[in-house]
Structures are given as C-alpha cells and as structure tokens.
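Below is one structure, written out as structure tokens, with a few remarks after it.
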2 protein chains.
Amino acid sequence: MVEKLIESLRKKGLKITPQRLAIFRVLKDNKSHPGAEEIYQRVRKDYPTISLATVYQTLETLEQIGGIRILRFDRRKTRYDPDLSPHHHLICTRCQKITDLHDDYSETVRLPPSLTNRFQINGFNVVFYGICGECRKKRKSQKRKAK
Amino acid sequence: MVEKLIESLRKKGLKITPQRLAIFRVLKDNKSHPGAEEIYQRVRKDYPTISLATVYQTLETLEQIGGIRILRFDRRKTRYDPDLSPHHHLICTRCQKITDLHDDYSETVRLPPSLTNRFQINGFNVVFYGICGECRKKRKSQKRKAK
DNA sequence: GTCTATGCAAATAATTTGCAGTAAT
DNA sequence: ATTACTGCAAATTATTTGCATAGAC
C-alpha cells in the first residue's frame, strides 16, 4: 500500500517525505472519513512538529496522485477517504455521519450519450441523504419528552 | 410558484416576510446554482437594507419547507438550487461549474434491502466529476503554450 | 400586543497563502 | 547543489451568532 504511494510520488517527480508517508499511513485503514484536523491530531503523535497547513497540502497532493479521495459534501468540513474502490455514501442530515455503501452502480448510472462528448467524466458518486438509526432513536425519545 | 411557497410557510406557522419572498423570487428561475453572496447582491437591488445573514437564514428556511435544495459539494461555497425535480449534477473539477442533468435514476439506484431499515432515506443525488468542454479547450491551448 | 424575523456587528471555523528555513533528490 | 517541501503566522472567506429593533400576525 505504502509502496504504491511511493511509486506514485516518484512517477510524478514528487518527493517522498516522512510527512506524506505518515499522513497516508494514518488514513489508509481509516473508515471514519476524518477531516484535516483529526488527521493532524493523529499524525502529531508521531511527528509533533508537523503543521496543519502541511496536512492540508499533503491531502491535496495525495488526491492528485490518486492515493485518496476527497469528500466535499459535509456542511462543516472536507473529509478524506482512503478507500478507492467504487463505493458511495449515506449521509445523515442530522448528525452528519457518513456511512460507506459498497455498491457498484457503474452499469446503470451513465451519462447520456448527448453529453459524453461535451463533458469528460472522471467518476461519479451517489450520495444518499437521510436519517441514521441512532438519530431516529434520539428523535423519537425527544418527541416523547416534548409531550 | 410563489403561492405554493406562501402556503408552505403558513403551514409551518412561519411568517410571510418580503425578504423571504424576494429571495425565493430571485432563485426560482435561476439555473446557475448561485451562492449566498450572489443571491444577496441580486436581492439587494430591490431590498437595499437586507443583510447577508438574513439571506443565509432564509435559504435554510426555504430548504426546510421544501422550497429549494441546498447543494454542498462545491469546494468553495454552498450553492442553492430551486429545481425540485429529480435531477443530478455534473461538476467541473477545474472551474467548479455545476451543470444539471435531468435524468431519473430512481429505478436503478436503490439502497440495498439490508440497509433500508437501518437508514431512512429522504433522497439521493448523483454527482459526476469531470472536465467541462470549456476547460478542456483552455487546457489544450495552455499545453500548446507550454511547449 | 405578541413573538418571530431582520439587520448589524462581531465571532467562529475551515482553509489558504507568503515566506524563510529545511530536507529530499 | 537544486528545488521542492515544511512549518509558522497571518490572511482570507464562508458562515454563524447574539442581541436590539422592526414588522407580521
């Protein structure tokens, strides 16, 4: 995994810095879709002098070389996803939690032919909006209190 | 159109203020997915004393009563969409332009049964990422210059 | 008259930028 | 030795909040 990343960096003539590797390692098995700040806090444990700006820059770099995905549908902050397999997301509009959905719609979700020459598609993502189980429970108990 | 909005406001016990109507009117035939600032500038022409904070608040309100959709996938800013018909979006990752795609995937894009009882879906949106025609042209000419 | 909505200013929070020093090549 | 990368601090930008006043009901 990290080897692949190193190779990708080399190919693009980018430098293999300990910070880049550390950030990638923090992210690579993480299914929680963390934001920059969370990643920063984790990486700091090993690299106490790293700065938040470097984290932001590095995450952009990692996306550009195809190492991670950047998720920009959270109202509050950008989130980062190391999972590059075709998958989609469920967003709880109450608590903002993001859940993965490993379901491949690439056979059915297609750009209509009339647009394929006007727009060069690099990928797509399906985002489901709704209320997660936890929030539904909470809401029910709140309604009970309200009475 | 505006009549429906007024009714929705009434139903929820919300007040029918000139600001709310003005913001909705600005938005209702707008296909450009404007941000709060742009909406603010337009509404200002008729209501010079309106504040940006009111615009933000009102847009939230309009979403809550089902009058508009809020689009949160632009890196830079939240965008607002008056089109409530089932449609999806193409995003140019270079210029950030958002194009509508009126194509209904509701028959094929479904949450797997294993999740339907754990997550209450209110809707979904397909986002295509790519490069728009204009940006492709620009890029080509830039490459030419670079040589 | 009551109570919500507005306008203003200040606060917040995420992200970006400029630049000098540091380290990977 | 070169040139890209990092760390720091400051800047920027979108959005939110608190509160007094105005306005819809």
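So you can find residues: chains in the structure tokens are A, B, ... in the order shown, residues in each start at 1, and ligands are numbered from 1 in order.
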Select from chain A everything DSSP, run on the backbone, classes as strand (DSSP E or B), then give the selection as JSON, numbers by chain.
{"A": [35, 69, 70, 71, 79, 80, 81, 88, 89, 90, 91, 92, 98, 99, 100, 101, 119, 120, 121, 122, 123, 124, 125, 126, 127, 128, 129, 130, 131, 132]}
What residues in chain D lie within 12 Å of chain A, counting only C-alpha atoms (C1' of nucleotides), written as a short mmCIF file (atom, residue, chain, number, x, y, z; two decimals) with C-alpha atoms (C1' of nucleotides), in the first residue's frame?
```cif
data_model
loop_
_atom_site.label_atom_id
_atom_site.label_comp_id
_atom_site.auth_asym_id
_atom_site.auth_seq_id
_atom_site.Cartn_x
_atom_site.Cartn_y
_atom_site.Cartn_z
"C1'" DT D 3 14.49 22.71 -5.90
"C1'" DA D 4 10.54 21.16 -3.74
"C1'" DC D 5 8.54 20.74 0.93
"C1'" DT D 6 7.64 22.10 5.55
"C1'" DG D 7 6.38 24.98 9.47
"C1'" DC D 8 4.81 29.13 11.14
"C1'" DA D 9 2.00 33.02 11.30
"C1'" DA D 14 -17.83 31.44 4.16
"C1'" DT D 15 -20.98 31.01 7.54
"C1'" DT D 16 -22.98 31.67 12.23
#
```
I'd like the contact shell of Tyr56 (chain B) - 12 Å cut-off, only C-alpha atoms (C1' of nucleotides), skipping same-chain residues fewer than 3 positions apart - returned as a VMD selection string.
(chain B and resid 19 to 20 23 35 to 40 50 to 53 59 to 63 70 77 to 80) or (chain C and resid 6) or (chain D and resid 14 to 16)
How would the residues just chosen look if you wrote them out with N, CA and C atoms (P, O5', C5', C4', C3', O3' and C1' of nucleotides) as an mmCIF file, in the first residue's frame?
```
data_model
loop_
_atom_site.group_PDB
_atom_site.id
_atom_site.type_symbol
_atom_site.label_atom_id
_atom_site.label_comp_id
_atom_site.auth_asym_id
_atom_site.auth_seq_id
_atom_site.Cartn_x
_atom_site.Cartn_y
_atom_site.Cartn_z
ATOM 1 N N GLN B 19 -38.703 39.751 2.588
ATOM 2 C CA GLN B 19 -37.370 39.196 2.332
ATOM 3 C C GLN B 19 -37.451 37.756 1.848
ATOM 4 N N ARG B 20 -38.266 36.972 2.511
ATOM 5 C CA ARG B 20 -38.384 35.565 2.111
ATOM 6 C C ARG B 20 -38.910 35.442 0.692
ATOM 7 N N ILE B 23 -36.168 36.626 -1.881
ATOM 8 C CA ILE B 23 -35.097 35.652 -2.076
ATOM 9 C C ILE B 23 -35.601 34.487 -2.912
ATOM 10 N N GLY B 35 -24.507 31.096 -5.177
ATOM 11 C CA GLY B 35 -24.175 31.034 -3.757
ATOM 12 C C GLY B 35 -24.888 32.155 -3.019
ATOM 13 N N ALA B 36 -24.738 32.179 -1.706
ATOM 14 C CA ALA B 36 -25.441 33.157 -0.883
ATOM 15 C C ALA B 36 -25.079 34.589 -1.270
ATOM 16 N N GLU B 37 -23.817 34.821 -1.516
ATOM 17 C CA GLU B 37 -23.356 36.164 -1.851
ATOM 18 C C GLU B 37 -24.022 36.678 -3.132
ATOM 19 N N GLU B 38 -24.081 35.828 -4.144
ATOM 20 C CA GLU B 38 -24.711 36.244 -5.401
ATOM 21 C C GLU B 38 -26.196 36.550 -5.207
ATOM 22 N N ILE B 39 -26.845 35.701 -4.436
ATOM 23 C CA ILE B 39 -28.260 35.918 -4.170
ATOM 24 C C ILE B 39 -28.439 37.235 -3.420
ATOM 25 N N TYR B 40 -27.564 37.449 -2.465
ATOM 26 C CA TYR B 40 -27.580 38.682 -1.677
ATOM 27 C C TYR B 40 -27.479 39.906 -2.574
ATOM 28 N N ILE B 50 -31.433 44.680 3.103
ATOM 29 C CA ILE B 50 -31.354 43.283 3.541
ATOM 30 C C ILE B 50 -29.919 42.930 3.910
ATOM 31 N N SER B 51 -29.771 42.025 4.864
ATOM 32 C CA SER B 51 -28.421 41.641 5.265
ATOM 33 C C SER B 51 -28.093 40.226 4.802
ATOM 34 N N LEU B 52 -26.794 39.982 4.680
ATOM 35 C CA LEU B 52 -26.345 38.675 4.234
ATOM 36 C C LEU B 52 -26.773 37.589 5.205
ATOM 37 N N ALA B 53 -26.780 37.925 6.485
ATOM 38 C CA ALA B 53 -27.186 36.941 7.489
ATOM 39 C C ALA B 53 -28.621 36.494 7.249
ATOM 40 N N LEU B 59 -32.410 31.053 3.330
ATOM 41 C CA LEU B 59 -32.164 29.913 2.459
ATOM 42 C C LEU B 59 -32.318 28.596 3.224
ATOM 43 N N GLU B 60 -31.881 28.602 4.464
ATOM 44 C CA GLU B 60 -32.083 27.414 5.302
ATOM 45 C C GLU B 60 -33.572 27.149 5.494
ATOM 46 N N THR B 61 -34.271 28.224 5.783
ATOM 47 C CA THR B 61 -35.712 28.097 5.982
ATOM 48 C C THR B 61 -36.394 27.557 4.729
ATOM 49 N N LEU B 62 -36.021 28.118 3.586
ATOM 50 C CA LEU B 62 -36.634 27.685 2.338
ATOM 51 C C LEU B 62 -36.380 26.198 2.089
ATOM 52 N N GLU B 63 -35.196 25.748 2.454
ATOM 53 C CA GLU B 63 -34.943 24.313 2.289
ATOM 54 C C GLU B 63 -35.839 23.497 3.213
ATOM 55 N N ILE B 70 -30.398 22.523 -1.213
ATOM 56 C CA ILE B 70 -29.093 23.075 -0.894
ATOM 57 C C ILE B 70 -28.027 22.112 -1.385
ATOM 58 N N LYS B 77 -18.081 27.089 -1.809
ATOM 59 C CA LYS B 77 -19.247 27.646 -1.141
ATOM 60 C C LYS B 77 -20.493 26.813 -1.380
ATOM 61 N N THR B 78 -21.433 26.995 -0.500
ATOM 62 C CA THR B 78 -22.714 26.325 -0.619
ATOM 63 C C THR B 78 -23.488 26.959 -1.763
ATOM 64 N N ARG B 79 -24.200 26.127 -2.516
ATOM 65 C CA ARG B 79 -24.991 26.648 -3.608
ATOM 66 C C ARG B 79 -26.447 26.273 -3.430
ATOM 67 N N TYR B 80 -27.305 27.032 -4.091
ATOM 68 C CA TYR B 80 -28.728 26.862 -3.871
ATOM 69 C C TYR B 80 -29.455 26.610 -5.185
ATOM 70 P P DT C 6 -36.804 37.250 7.918
ATOM 71 O "O5'" DT C 6 -36.190 38.599 8.506
ATOM 72 C "C5'" DT C 6 -36.862 39.823 8.254
ATOM 73 C "C4'" DT C 6 -36.020 40.978 8.747
ATOM 74 C "C3'" DT C 6 -34.658 41.100 8.064
ATOM 75 O "O3'" DT C 6 -34.534 42.444 7.586
ATOM 76 C "C1'" DT C 6 -34.416 41.116 10.426
ATOM 77 P P DA D 14 -16.307 33.662 0.003
ATOM 78 O "O5'" DA D 14 -17.079 32.634 0.919
ATOM 79 C "C5'" DA D 14 -16.723 31.281 0.862
ATOM 80 C "C4'" DA D 14 -17.362 30.570 2.037
ATOM 81 C "C3'" DA D 14 -18.879 30.776 2.120
ATOM 82 O "O3'" DA D 14 -19.462 29.510 2.346
ATOM 83 C "C1'" DA D 14 -17.835 31.442 4.157
ATOM 84 P P DT D 15 -21.046 29.375 2.411
ATOM 85 O "O5'" DT D 15 -21.314 29.569 3.957
ATOM 86 C "C5'" DT D 15 -20.669 28.674 4.851
ATOM 87 C "C4'" DT D 15 -20.918 29.107 6.273
ATOM 88 C "C3'" DT D 15 -22.395 29.342 6.615
ATOM 89 O "O3'" DT D 15 -22.764 28.356 7.565
ATOM 90 C "C1'" DT D 15 -20.982 31.009 7.544
ATOM 91 P P DT D 16 -24.132 28.358 8.330
ATOM 92 O "O5'" DT D 16 -23.767 29.117 9.692
ATOM 93 C "C5'" DT D 16 -22.608 28.710 10.393
ATOM 94 C "C4'" DT D 16 -22.549 29.422 11.733
ATOM 95 C "C3'" DT D 16 -23.897 29.494 12.466
ATOM 96 O "O3'" DT D 16 -23.613 29.128 13.801
ATOM 97 C "C1'" DT D 16 -22.984 31.672 12.228
#
```
Contacts of chain A with chain B up to 6 Å, shortest pair per row, only C-alpha atoms, as CSV:
```
residue,atom,partner,partner_atom,distance
A:Arg72,CA,B:Phe73,CA,5.2
A:Phe73,CA,B:Phe73,CA,4.8
A:Arg118,CA,B:Gly133,CA,5.2
A:Phe119,CA,B:Cys132,CA,4.8
A:Gln120,CA,B:Ile131,CA,5.3
A:Ile121,CA,B:Gly130,CA,4.2
A:Asn122,CA,B:Gly130,CA,4.9
A:Gly123,CA,B:Tyr129,CA,5.3
A:Phe124,CA,B:Phe128,CA,4.1
A:Asn125,CA,B:Val127,CA,5.3
A:Val126,CA,B:Val126,CA,4.4
A:Val127,CA,B:Asn125,CA,5.3
A:Phe128,CA,B:Phe124,CA,4.1
A:Tyr129,CA,B:Gly123,CA,5.3
A:Gly130,CA,B:Ile121,CA,4.3
A:Ile131,CA,B:Gln120,CA,5.3
A:Cys132,CA,B:Phe119,CA,4.8
A:Gly133,CA,B:Arg118,CA,5.2
```
Keeping only N, CA and C atoms, take the residues you just selected and write them out as a PDB file, in the first residue's frame.
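Final output, out_28.pdb:
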```
ATOM      1  N   ARG A  72     -16.392  16.204  -0.384  1.00  0.00           N
ATOM      2  CA  ARG A  72     -16.773  17.581  -0.079  1.00  0.00           C
ATOM      3  C   ARG A  72     -18.253  17.774   0.114  1.00  0.00           C
ATOM      4  N   PHE A  73     -18.924  16.833   0.758  1.00  0.00           N
ATOM      5  CA  PHE A  73     -20.346  17.077   0.943  1.00  0.00           C
ATOM      6  C   PHE A  73     -20.752  17.316   2.385  1.00  0.00           C
ATOM      7  N   ARG A 118     -19.315  16.334 -24.626  1.00  0.00           N
ATOM      8  CA  ARG A 118     -19.185  17.692 -24.119  1.00  0.00           C
ATOM      9  C   ARG A 118     -18.542  17.724 -22.737  1.00  0.00           C
ATOM     10  N   PHE A 119     -18.560  16.574 -22.098  1.00  0.00           N
ATOM     11  CA  PHE A 119     -18.077  16.530 -20.724  1.00  0.00           C
ATOM     12  C   PHE A 119     -17.261  15.263 -20.546  1.00  0.00           C
ATOM     13  N   GLN A 120     -16.048  15.425 -20.079  1.00  0.00           N
ATOM     14  CA  GLN A 120     -15.200  14.247 -19.878  1.00  0.00           C
ATOM     15  C   GLN A 120     -15.312  13.787 -18.423  1.00  0.00           C
ATOM     16  N   ILE A 121     -15.979  12.674 -18.221  1.00  0.00           N
ATOM     17  CA  ILE A 121     -16.264  12.200 -16.870  1.00  0.00           C
ATOM     18  C   ILE A 121     -15.082  11.433 -16.285  1.00  0.00           C
ATOM     19  N   ASN A 122     -14.735  11.772 -15.071  1.00  0.00           N
ATOM     20  CA  ASN A 122     -13.662  11.033 -14.409  1.00  0.00           C
ATOM     21  C   ASN A 122     -14.192  10.108 -13.317  1.00  0.00           C
ATOM     22  N   GLY A 123     -15.449  10.294 -12.973  1.00  0.00           N
ATOM     23  CA  GLY A 123     -16.007   9.446 -11.939  1.00  0.00           C
ATOM     24  C   GLY A 123     -17.339   9.992 -11.478  1.00  0.00           C
ATOM     25  N   PHE A 124     -18.012   9.233 -10.652  1.00  0.00           N
ATOM     26  CA  PHE A 124     -19.255   9.748 -10.090  1.00  0.00           C
ATOM     27  C   PHE A 124     -19.454   9.173  -8.706  1.00  0.00           C
ATOM     28  N   ASN A 125     -20.315   9.816  -7.966  1.00  0.00           N
ATOM     29  CA  ASN A 125     -20.563   9.401  -6.609  1.00  0.00           C
ATOM     30  C   ASN A 125     -22.041   9.586  -6.318  1.00  0.00           C
ATOM     31  N   VAL A 126     -22.618   8.570  -5.714  1.00  0.00           N
ATOM     32  CA  VAL A 126     -24.012   8.682  -5.319  1.00  0.00           C
ATOM     33  C   VAL A 126     -24.050   9.011  -3.838  1.00  0.00           C
ATOM     34  N   VAL A 127     -24.799  10.023  -3.513  1.00  0.00           N
ATOM     35  CA  VAL A 127     -24.928  10.418  -2.115  1.00  0.00           C
ATOM     36  C   VAL A 127     -26.385  10.267  -1.692  1.00  0.00           C
ATOM     37  N   PHE A 128     -26.603   9.434  -0.707  1.00  0.00           N
ATOM     38  CA  PHE A 128     -27.947   9.255  -0.165  1.00  0.00           C
ATOM     39  C   PHE A 128     -28.093  10.131   1.065  1.00  0.00           C
ATOM     40  N   TYR A 129     -29.198  10.835   1.142  1.00  0.00           N
ATOM     41  CA  TYR A 129     -29.459  11.670   2.305  1.00  0.00           C
ATOM     42  C   TYR A 129     -30.564  11.052   3.137  1.00  0.00           C
ATOM     43  N   GLY A 130     -30.383  11.082   4.418  1.00  0.00           N
ATOM     44  CA  GLY A 130     -31.421  10.535   5.275  1.00  0.00           C
ATOM     45  C   GLY A 130     -31.067  10.664   6.738  1.00  0.00           C
ATOM     46  N   ILE A 131     -31.737   9.854   7.538  1.00  0.00           N
ATOM     47  CA  ILE A 131     -31.523   9.896   8.977  1.00  0.00           C
ATOM     48  C   ILE A 131     -31.041   8.509   9.409  1.00  0.00           C
ATOM     49  N   CYS A 132     -29.925   8.490  10.102  1.00  0.00           N
ATOM     50  CA  CYS A 132     -29.362   7.207  10.527  1.00  0.00           C
ATOM     51  C   CYS A 132     -30.141   6.643  11.715  1.00  0.00           C
ATOM     52  N   GLY A 133     -29.908   5.366  11.985  1.00  0.00           N
ATOM     53  CA  GLY A 133     -30.619   4.680  13.060  1.00  0.00           C
ATOM     54  C   GLY A 133     -30.520   5.404  14.398  1.00  0.00           C
TER      55      GLY A 133
END
```
Closest contacts (chain C/chain B, max 10 Å, only C-alpha atoms (C1' of nucleotides)) as a Markdown table:
```
| residue | atom | partner | partner_atom | distance |
| --- | --- | --- | --- | --- |
| C:DT4 | C1' | B:Lys15 | CA | 7.4 |
| C:DA5 | C1' | B:Lys15 | CA | 7.8 |
| C:DT6 | C1' | B:Thr54 | CA | 6.6 |
| C:DG7 | C1' | B:Ser51 | CA | 5.9 |
| C:DC8 | C1' | B:Ser51 | CA | 8.0 |
| C:DT15 | C1' | B:Arg76 | CA | 9.6 |
```
Would you mind exporting N, CA and C atoms (P, O5', C5', C4', C3', O3' and C1' of nucleotides) of the selected residues as a compact mmCIF listing (two decimals), in the first residue's frame?
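Contents of selection.txt, as written:
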```
# COMPACT_ATOMS: atom_id res chain seq x y z
P DT C 4 -42.08 32.93 18.81
O5' DT C 4 -41.77 32.85 17.24
C5' DT C 4 -42.81 33.11 16.30
C4' DT C 4 -42.27 33.97 15.19
C3' DT C 4 -40.91 33.52 14.65
O3' DT C 4 -41.05 33.52 13.23
C1' DT C 4 -40.84 35.82 15.18
P DA C 5 -39.90 33.18 12.26
O5' DA C 5 -39.36 34.63 11.85
C5' DA C 5 -40.26 35.50 11.15
C4' DA C 5 -39.48 36.65 10.60
C3' DA C 5 -38.19 36.29 9.89
O3' DA C 5 -38.10 37.13 8.75
C1' DA C 5 -37.69 37.71 11.72
P DT C 6 -36.80 37.25 7.92
O5' DT C 6 -36.19 38.60 8.51
C5' DT C 6 -36.86 39.82 8.25
C4' DT C 6 -36.02 40.98 8.75
C3' DT C 6 -34.66 41.10 8.06
O3' DT C 6 -34.53 42.44 7.59
C1' DT C 6 -34.42 41.12 10.43
P DG C 7 -33.40 42.87 6.58
O5' DG C 7 -32.36 43.57 7.56
C5' DG C 7 -32.77 44.71 8.28
C4' DG C 7 -31.63 45.20 9.16
C3' DG C 7 -30.27 45.26 8.48
O3' DG C 7 -29.69 46.50 8.84
C1' DG C 7 -30.14 43.89 10.41
P DC C 8 -28.41 47.05 8.08
O5' DC C 8 -27.26 46.97 9.18
C5' DC C 8 -27.50 47.50 10.49
C4' DC C 8 -26.57 46.84 11.49
C3' DC C 8 -25.13 46.66 11.00
O3' DC C 8 -24.29 47.54 11.72
C1' DC C 8 -25.91 44.77 12.22
P DT C 15 -11.86 22.25 5.72
O5' DT C 15 -10.92 23.30 4.99
C5' DT C 15 -11.54 24.29 4.16
C4' DT C 15 -10.53 25.31 3.76
C3' DT C 15 -9.25 24.74 3.14
O3' DT C 15 -9.25 25.13 1.78
C1' DT C 15 -8.80 26.55 4.61
```
Using DSSP on the backbone coordinates, identify all residues within chain A classified as helix (DSSP H, G or I); present the result as a PyMOL selection string.
chain A and resi 2-11+18-28+36-46+52-64+113-116+133-146
Atomic separation - CA of Ile98 (chain A) relative to C1' of DA14 (chain C), Å
18.9 Å
For a quick check of understanding, using only C-alpha atoms (C1' of nucleotides), which of C:DG1, C:DT16, C:DT25, C:DA9 has the smallest distance to DA1 (chain D)?
C:DT25
